[in-house]
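Data file: start_29.txt. Format and content: compact mmCIF, C-alpha atoms.
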# COMPACT_ATOMS: atom_id res chain seq x y z
CA MET P 1 143.86 -21.69 -91.07
CA VAL P 2 145.80 -23.05 -94.02
CA ILE P 3 144.20 -23.40 -97.48
CA THR P 4 145.76 -25.29 -100.39
CA TYR P 5 144.40 -25.84 -103.90
CA HIS P 6 144.39 -29.24 -105.60
CA GLY P 7 142.98 -28.38 -109.03
CA GLY P 8 139.44 -28.24 -110.37
CA GLU P 9 137.36 -27.13 -107.40
CA CYS P 10 139.27 -29.14 -104.80
CA PHE P 11 140.58 -27.37 -101.71
CA LYS P 12 142.10 -28.61 -98.47
CA VAL P 13 141.37 -26.40 -95.47
CA SER P 14 143.24 -27.18 -92.26
CA GLN P 15 142.95 -25.74 -88.78
CA GLY P 16 145.06 -27.50 -86.16
CA ASP P 17 144.31 -31.23 -86.40
CA LEU P 18 141.05 -30.60 -88.29
CA THR P 19 140.94 -30.98 -92.09
CA LEU P 20 138.13 -30.15 -94.52
CA ALA P 21 138.02 -31.17 -98.17
CA PHE P 22 135.90 -29.25 -100.66
CA ASN P 23 134.85 -31.00 -103.89
CA PRO P 24 137.55 -33.68 -104.10
CA PRO P 25 137.50 -35.44 -107.50
CA SER P 26 136.78 -39.16 -107.58
CA LYS P 27 138.91 -41.83 -109.23
CA ASP P 28 136.45 -41.69 -112.16
CA SER P 29 137.27 -38.03 -112.84
CA ALA P 30 139.63 -36.84 -115.55
CA LEU P 31 141.01 -34.35 -113.02
CA LYS P 32 144.11 -35.10 -110.98
CA VAL P 33 143.28 -36.82 -107.71
CA SER P 34 145.12 -35.73 -104.56
CA LYS P 35 144.61 -38.13 -101.66
CA PHE P 36 144.63 -36.60 -98.19
CA GLY P 37 142.82 -37.54 -95.02
CA SER P 38 139.87 -35.32 -94.12
CA ASP P 39 137.55 -35.02 -91.15
CA ILE P 40 134.79 -33.34 -93.16
CA VAL P 41 134.10 -33.60 -96.90
CA LEU P 42 131.80 -31.11 -98.62
CA SER P 43 130.60 -32.07 -102.09
CA SER P 44 128.55 -29.46 -103.94
CA LEU P 45 127.47 -31.54 -106.95
CA ASP P 46 127.03 -35.23 -107.67
CA HIS P 47 129.64 -35.39 -110.43
CA PRO P 48 132.91 -37.38 -110.58
CA ASP P 49 134.89 -34.11 -110.56
CA PHE P 50 133.44 -33.21 -107.14
CA ASN P 51 132.18 -36.31 -105.29
CA GLY P 52 135.38 -38.22 -104.51
CA VAL P 53 134.68 -39.05 -100.88
CA GLU P 54 136.95 -42.09 -101.15
CA THR P 55 139.91 -39.93 -102.21
CA ALA P 56 139.51 -37.81 -99.05
CA SER P 57 139.63 -40.88 -96.81
CA LEU P 58 143.14 -41.87 -95.79
CA GLY P 59 144.39 -44.05 -92.95
CA ASP P 60 142.28 -43.54 -89.83
CA LYS P 61 140.48 -40.57 -91.32
CA LYS P 62 136.85 -41.48 -91.97
CA PRO P 63 135.23 -38.18 -92.89
CA PHE P 64 131.79 -36.84 -92.12
CA VAL P 65 130.30 -36.28 -95.57
CA ILE P 66 128.02 -33.38 -96.52
CA THR P 67 126.40 -33.57 -99.95
CA GLY P 68 123.47 -31.18 -99.96
CA PRO P 69 121.47 -28.32 -98.49
CA GLY P 70 120.78 -28.06 -94.77
CA GLU P 71 122.40 -27.07 -91.50
CA TYR P 72 125.20 -29.10 -89.94
CA GLU P 73 127.55 -28.86 -86.99
CA VAL P 74 130.57 -31.16 -86.93
CA ARG P 75 133.44 -30.86 -84.48
CA GLY P 76 132.59 -27.25 -83.79
CA VAL P 77 132.37 -26.36 -87.49
CA GLU P 78 129.07 -24.81 -88.53
CA VAL P 79 127.97 -25.50 -92.10
CA ARG P 80 124.94 -24.24 -94.00
CA GLY P 81 124.08 -25.48 -97.47
CA PHE P 82 121.89 -23.61 -99.95
CA ALA P 83 120.35 -25.25 -103.02
CA SER P 84 121.18 -23.77 -106.43
CA GLU P 85 121.47 -24.90 -110.05
CA SER P 86 124.33 -26.09 -112.23
CA SER P 87 124.74 -27.40 -115.77
CA TYR P 88 128.27 -28.65 -115.17
CA GLY P 89 129.06 -31.61 -117.42
CA LYS P 90 126.21 -30.52 -119.72
CA LYS P 91 123.67 -31.90 -117.28
CA LYS P 92 121.23 -29.98 -115.09
CA GLY P 93 121.82 -30.76 -111.44
CA LEU P 94 121.48 -29.59 -107.85
CA ASN P 95 124.48 -27.57 -106.74
CA THR P 96 124.96 -26.73 -103.08
CA ILE P 97 126.48 -23.43 -102.00
CA TYR P 98 128.23 -23.91 -98.65
CA SER P 99 128.74 -21.36 -95.91
CA VAL P 100 131.30 -22.59 -93.37
CA SER P 101 132.18 -20.94 -90.06
CA LEU P 102 135.65 -21.93 -88.87
CA GLU P 103 138.03 -20.20 -86.45
CA GLY P 104 135.88 -17.07 -86.42
CA MET P 105 136.00 -16.78 -90.21
CA ASN P 106 133.21 -17.26 -92.72
CA LEU P 107 134.01 -19.24 -95.86
CA CYS P 108 131.62 -19.29 -98.81
CA PHE P 109 132.09 -22.04 -101.39
CA LEU P 110 129.95 -21.55 -104.50
CA GLY P 111 130.69 -24.96 -106.01
CA ALA P 112 129.63 -25.31 -109.65
CA LEU P 113 127.05 -22.53 -109.43
CA GLU P 114 125.66 -21.68 -112.86
CA GLY P 115 123.83 -18.36 -112.56
CA SER P 116 124.91 -15.13 -110.89
CA ASP P 117 121.39 -14.56 -109.51
CA LEU P 118 121.52 -16.35 -106.16
CA PRO P 119 118.49 -18.15 -104.70
CA HIS P 120 116.58 -16.07 -102.13
CA ASP P 121 117.67 -18.07 -99.08
CA ALA P 122 121.31 -17.84 -100.14
CA LYS P 123 121.02 -14.07 -100.56
CA GLN P 124 119.64 -13.86 -97.04
CA GLY P 125 122.11 -16.29 -95.50
CA LEU P 126 125.41 -15.29 -97.09
CA GLU P 127 126.59 -12.34 -95.04
CA ASP P 128 129.97 -11.09 -93.88
CA ILE P 129 131.95 -13.41 -96.17
CA ASP P 130 135.63 -13.51 -95.35
CA ILE P 131 136.80 -15.93 -98.07
CA LEU P 132 134.84 -16.59 -101.26
CA PHE P 133 135.64 -19.56 -103.49
CA VAL P 134 134.20 -18.79 -106.92
CA PRO P 135 134.16 -20.86 -110.16
CA ILE P 136 135.38 -18.90 -113.18
CA GLY P 137 135.80 -21.46 -115.96
CA GLY P 138 132.31 -21.75 -117.41
CA GLU P 139 131.49 -25.25 -118.71
CA GLY P 140 128.08 -25.15 -116.98
CA ALA P 141 129.29 -23.08 -114.02
CA LEU P 142 129.96 -19.33 -113.80
CA ASP P 143 132.28 -17.89 -116.42
CA TYR P 144 134.95 -15.32 -115.56
CA SER P 145 132.76 -12.26 -116.18
CA ALA P 146 129.69 -13.44 -114.25
CA ALA P 147 131.95 -14.77 -111.49
CA TYR P 148 133.59 -11.40 -110.91
CA LYS P 149 130.25 -9.59 -111.02
CA LEU P 150 128.83 -11.88 -108.33
CA ALA P 151 132.00 -11.72 -106.25
CA VAL P 152 131.78 -7.92 -106.14
CA GLN P 153 128.13 -8.12 -105.07
CA LEU P 154 128.94 -10.49 -102.20
CA GLU P 155 131.68 -8.16 -100.88
CA PRO P 156 134.11 -10.75 -99.46
CA ASN P 157 137.45 -9.84 -97.94
CA ILE P 158 139.26 -12.37 -100.15
CA ILE P 159 138.28 -13.95 -103.49
CA VAL P 160 139.78 -17.30 -104.49
CA PRO P 161 139.08 -18.35 -108.11
CA MET P 162 138.68 -22.03 -109.02
CA GLY P 163 137.52 -24.33 -111.81
CA TYR P 164 139.88 -23.10 -114.51
CA GLY P 165 142.66 -24.78 -116.50
CA ASP P 166 141.92 -28.51 -116.68
CA GLY P 167 138.57 -27.87 -114.98
CA GLY P 168 137.30 -25.15 -117.34
CA GLN P 169 138.21 -22.56 -119.97
CA LYS P 170 141.99 -22.39 -120.43
CA ASP P 171 142.20 -18.59 -120.47
CA ALA P 172 139.61 -18.11 -117.72
CA LEU P 173 142.10 -17.07 -115.04
CA LYS P 174 143.79 -14.50 -117.29
CA LEU P 175 140.41 -13.08 -118.31
CA PHE P 176 139.14 -13.05 -114.73
CA LEU P 177 142.19 -11.13 -113.53
CA LYS P 178 141.81 -8.65 -116.40
CA GLU P 179 138.14 -8.18 -115.49
CA ALA P 180 139.19 -7.47 -111.90
CA GLY P 181 142.06 -5.17 -112.87
CA ALA P 182 144.54 -7.54 -111.22
CA GLU P 183 146.58 -8.80 -114.17
CA GLY P 184 149.87 -8.79 -112.26
CA GLU P 185 148.66 -10.96 -109.40
CA LYS P 186 151.06 -13.84 -108.66
CA ALA P 187 150.09 -17.29 -107.44
CA VAL P 188 151.04 -18.48 -103.97
CA ASP P 189 151.42 -22.07 -102.82
CA ARG P 190 149.08 -21.70 -99.84
CA LEU P 191 146.91 -19.20 -98.01
CA THR P 192 147.63 -18.98 -94.29
CA LEU P 193 145.23 -16.77 -92.36
CA LYS P 194 144.05 -15.67 -88.97
CA LYS P 195 141.00 -13.48 -88.44
CA LYS P 196 143.17 -10.41 -87.79
CA ASP P 197 144.84 -10.84 -91.20
CA LEU P 198 141.55 -9.92 -92.90
CA GLU P 199 141.47 -6.40 -91.53
CA GLY P 200 141.48 -3.84 -94.33
CA LYS P 201 141.04 -6.39 -97.11
CA GLU P 202 138.20 -5.74 -99.56
CA GLY P 203 137.80 -8.09 -102.50
CA GLU P 204 141.49 -9.02 -102.59
CA ILE P 205 142.13 -11.77 -105.13
CA VAL P 206 144.34 -14.66 -104.09
CA ILE P 207 145.49 -17.19 -106.69
CA LEU P 208 146.55 -20.53 -105.28
CA GLU P 209 148.94 -22.79 -107.13
CA ASN P 210 147.75 -26.29 -107.92
CA SER P 211 149.47 -28.47 -105.33
Mind converting the file's structure to structure tokens?
Amino acid sequence: MVITYHGGECFKVSQGDLTLAFNPPSKDSALKVSKFGSDIVLSSLDHPDFNGVETASLGDKKPFVITGPGEYEVRGVEVRGFASESSYGKKKGLNTIYSVSLEGMNLCFLGALEGSDLPHDAKQGLEDIDILFVPIGGEGALDYSAAYKLAVQLEPNIIVPMGYGDGGQKDALKLFLKEAGAEGEKAVDRLTLKKKDLEGKEGEIVILENS
């Protein structure tokens, strides 16, 4: 599995010839748009910063689009969506937390989650998280302090922060790393993982450079 970060809350997750896009920004967003072909698009909130299905369609790639709570299975990928709240963009909205099972690993994508108190079904359903994508920039989603508190509670092997810089508070990443006692952590251009690579990791923070 290869994970790259494209700013805001946009991630490209690839496994073989399969590509997933999480929260790609639309052409109406102020965020930078990175066009890449995807087989599956997961959008957690109906906002221009996260609902750019058209920007994740390229060439022959016509993605299967998931935009809300429920259970899905697409090309062997199991996805569960849990309803939660967000005030991103200063507007109350439905945010979907996604749990994705891919190559024997469990990914949890919190989207633009606002509160650190998870809905009951999410608490029950989010177990054995290998990689947690957590917003840290505030602006109607979790801020750095609440984000780290929730991340510790969920006990993932790896924590990937998102929604900072252009997509949130400018100093959010620095403050998040200080909160976690990981000030010296350096960014990497991509995260390449197999299930065996997660052995012994407990709450390790990985910062991905904006591609």
Show me a table, sorted first by chain and then by increasing residue number, of the residues of region 53-172 of chain P having an atom at most 10 Å from region 5-14 of chain P, each with its shortest atom pair and the distance in Å to one decimal, counting all atoms listed in the file and written as a tab-separated table.
residue	atom	partner	partner_atom	distance
P:Ala56	CA	P:Lys12	CA	9.6
P:Leu102	CA	P:Val13	CA	9.8
P:Phe109	CA	P:Glu9	CA	9.5
P:Leu110	CA	P:Glu9	CA	9.7
P:Gly111	CA	P:Glu9	CA	7.2
P:Ala112	CA	P:Glu9	CA	8.3
P:Phe133	CA	P:Glu9	CA	8.7
P:Val134	CA	P:Glu9	CA	8.9
P:Pro135	CA	P:Glu9	CA	7.6
P:Gly137	CA	P:Gly8	CA	9.5
P:Val160	CA	P:Tyr5	CA	9.7
P:Pro161	CA	P:Glu9	CA	9.0
P:Met162	CA	P:Glu9	CA	5.5
P:Gly163	CA	P:Gly8	CA	4.6
P:Tyr164	CA	P:Gly8	CA	6.6
P:Gly165	CA	P:Gly8	CA	7.7
P:Asp166	CA	P:Gly8	CA	6.8
P:Gly167	CA	P:Gly8	CA	4.7
P:Gly168	CA	P:Gly8	CA	7.9
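Near region 35-43 of chain P, within 6 Å and counting all atoms listed in the file, sit Thr19, Leu20, Ala21, Phe22, Asn23, Phe50, Asn51, Thr55, Ala56, Ser57, Leu58, Lys61, Pro63, Phe64, Val65, Ile66 and Thr67 of chain P; same-chain residues fewer than 5 positions away were not included.
Distances to Leu198 (chain P) were evaluated for P:Asp130, P:Asp171, P:Asp49, P:Glu71 using all atoms listed in the file, and the minimum falls at P:Asp130.
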*12 Å contact set for Gly76 (chain P), only C-alpha atoms, chain neighbours under 4 positions out, as number ranges by chain*: P: 15, 18, 39-40, 72, 100-104
Take the residues from that selection and write them out as a PDB file, keeping the file's coordinate frame, keeping C-alpha atoms.
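Once everything was written out, this is out.pdb:
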ATOM      1  CA  GLN P  15     142.950 -25.740 -88.780  1.00  0.00           C
ATOM      2  CA  LEU P  18     141.050 -30.600 -88.290  1.00  0.00           C
ATOM      3  CA  ASP P  39     137.550 -35.020 -91.150  1.00  0.00           C
ATOM      4  CA  ILE P  40     134.790 -33.340 -93.160  1.00  0.00           C
ATOM      5  CA  TYR P  72     125.200 -29.100 -89.940  1.00  0.00           C
ATOM      6  CA  VAL P 100     131.300 -22.590 -93.370  1.00  0.00           C
ATOM      7  CA  SER P 101     132.180 -20.940 -90.060  1.00  0.00           C
ATOM      8  CA  LEU P 102     135.650 -21.930 -88.870  1.00  0.00           C
ATOM      9  CA  GLU P 103     138.030 -20.200 -86.450  1.00  0.00           C
ATOM     10  CA  GLY P 104     135.880 -17.070 -86.420  1.00  0.00           C
TER      11      GLY P 104
END
Using all atoms listed in the file, which residues of region 71-160 of chain P come within 7 Å of region 176-196 of chain P, and what is the closest atom pair for each, with the distance in Å to one decimal? Give it as a tab-separated table, sorted by chain and residue number.
residue	atom	partner	partner_atom	distance
P:Gly104	CA	P:Lys195	CA	6.6
P:Met105	CA	P:Lys195	CA	6.2
P:Tyr144	CA	P:Phe176	CA	4.8
P:Ser145	CA	P:Phe176	CA	6.6
P:Tyr148	CA	P:Ala180	CA	6.9
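When only C-alpha atoms are used to compute distances to Glu155 (chain P), the closest of the residues P:Leu45, P:Ala172, P:Ala141, P:Ile205 turns out to be P:Ile205.
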Can you pull out every residue within 10 Å of Glu114 (chain P), counting only C-alpha atoms, but drop anything in the same chain fewer than 2 positions away, and send it as a short mmCIF file (atom, residue, chain, number, x, y, z; two decimals) with C-alpha atoms, keeping the file's coordinate frame?
data_model
loop_
_atom_site.label_atom_id
_atom_site.label_comp_id
_atom_site.auth_asym_id
_atom_site.auth_seq_id
_atom_site.Cartn_x
_atom_site.Cartn_y
_atom_site.Cartn_z
CA SER P 84 121.18 -23.77 -106.43
CA GLU P 85 121.47 -24.90 -110.05
CA SER P 86 124.33 -26.09 -112.23
CA SER P 87 124.74 -27.40 -115.77
CA TYR P 88 128.27 -28.65 -115.17
CA LYS P 92 121.23 -29.98 -115.09
CA GLY P 93 121.82 -30.76 -111.44
CA ASN P 95 124.48 -27.57 -106.74
CA LEU P 110 129.95 -21.55 -104.50
CA GLY P 111 130.69 -24.96 -106.01
CA ALA P 112 129.63 -25.31 -109.65
CA SER P 116 124.91 -15.13 -110.89
CA ASP P 117 121.39 -14.56 -109.51
CA LEU P 118 121.52 -16.35 -106.16
CA PRO P 135 134.16 -20.86 -110.16
CA GLY P 138 132.31 -21.75 -117.41
CA GLU P 139 131.49 -25.25 -118.71
CA GLY P 140 128.08 -25.15 -116.98
CA ALA P 141 129.29 -23.08 -114.02
CA LEU P 142 129.96 -19.33 -113.80
CA ASP P 143 132.28 -17.89 -116.42
CA ALA P 146 129.69 -13.44 -114.25
CA ALA P 147 131.95 -14.77 -111.49
#
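Shortest atom-to-atom contact with Gln124 (chain P) among P:Val33, P:Ile3, P:Ile136, P:Leu154: P:Leu154, counting all atoms listed in the file.
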*When distances are computed from only C-alpha atoms, which of P:Asp60, P:Asp28, P:Asp46, P:Glu127 shows the smallest separation from Ser99 (chain P)?*
P:Glu127
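The space between CA of Gly115 (chain P) and CA of Ala151 (chain P) spans 12.3 Å.
Atom pair CA of Asn210 (chain P) / CA of Pro48 (chain P): separated by 18.7 Å.
The space separating CA of Val53 (chain P) from CA of Tyr98 (chain P) comes to 16.6 Å.
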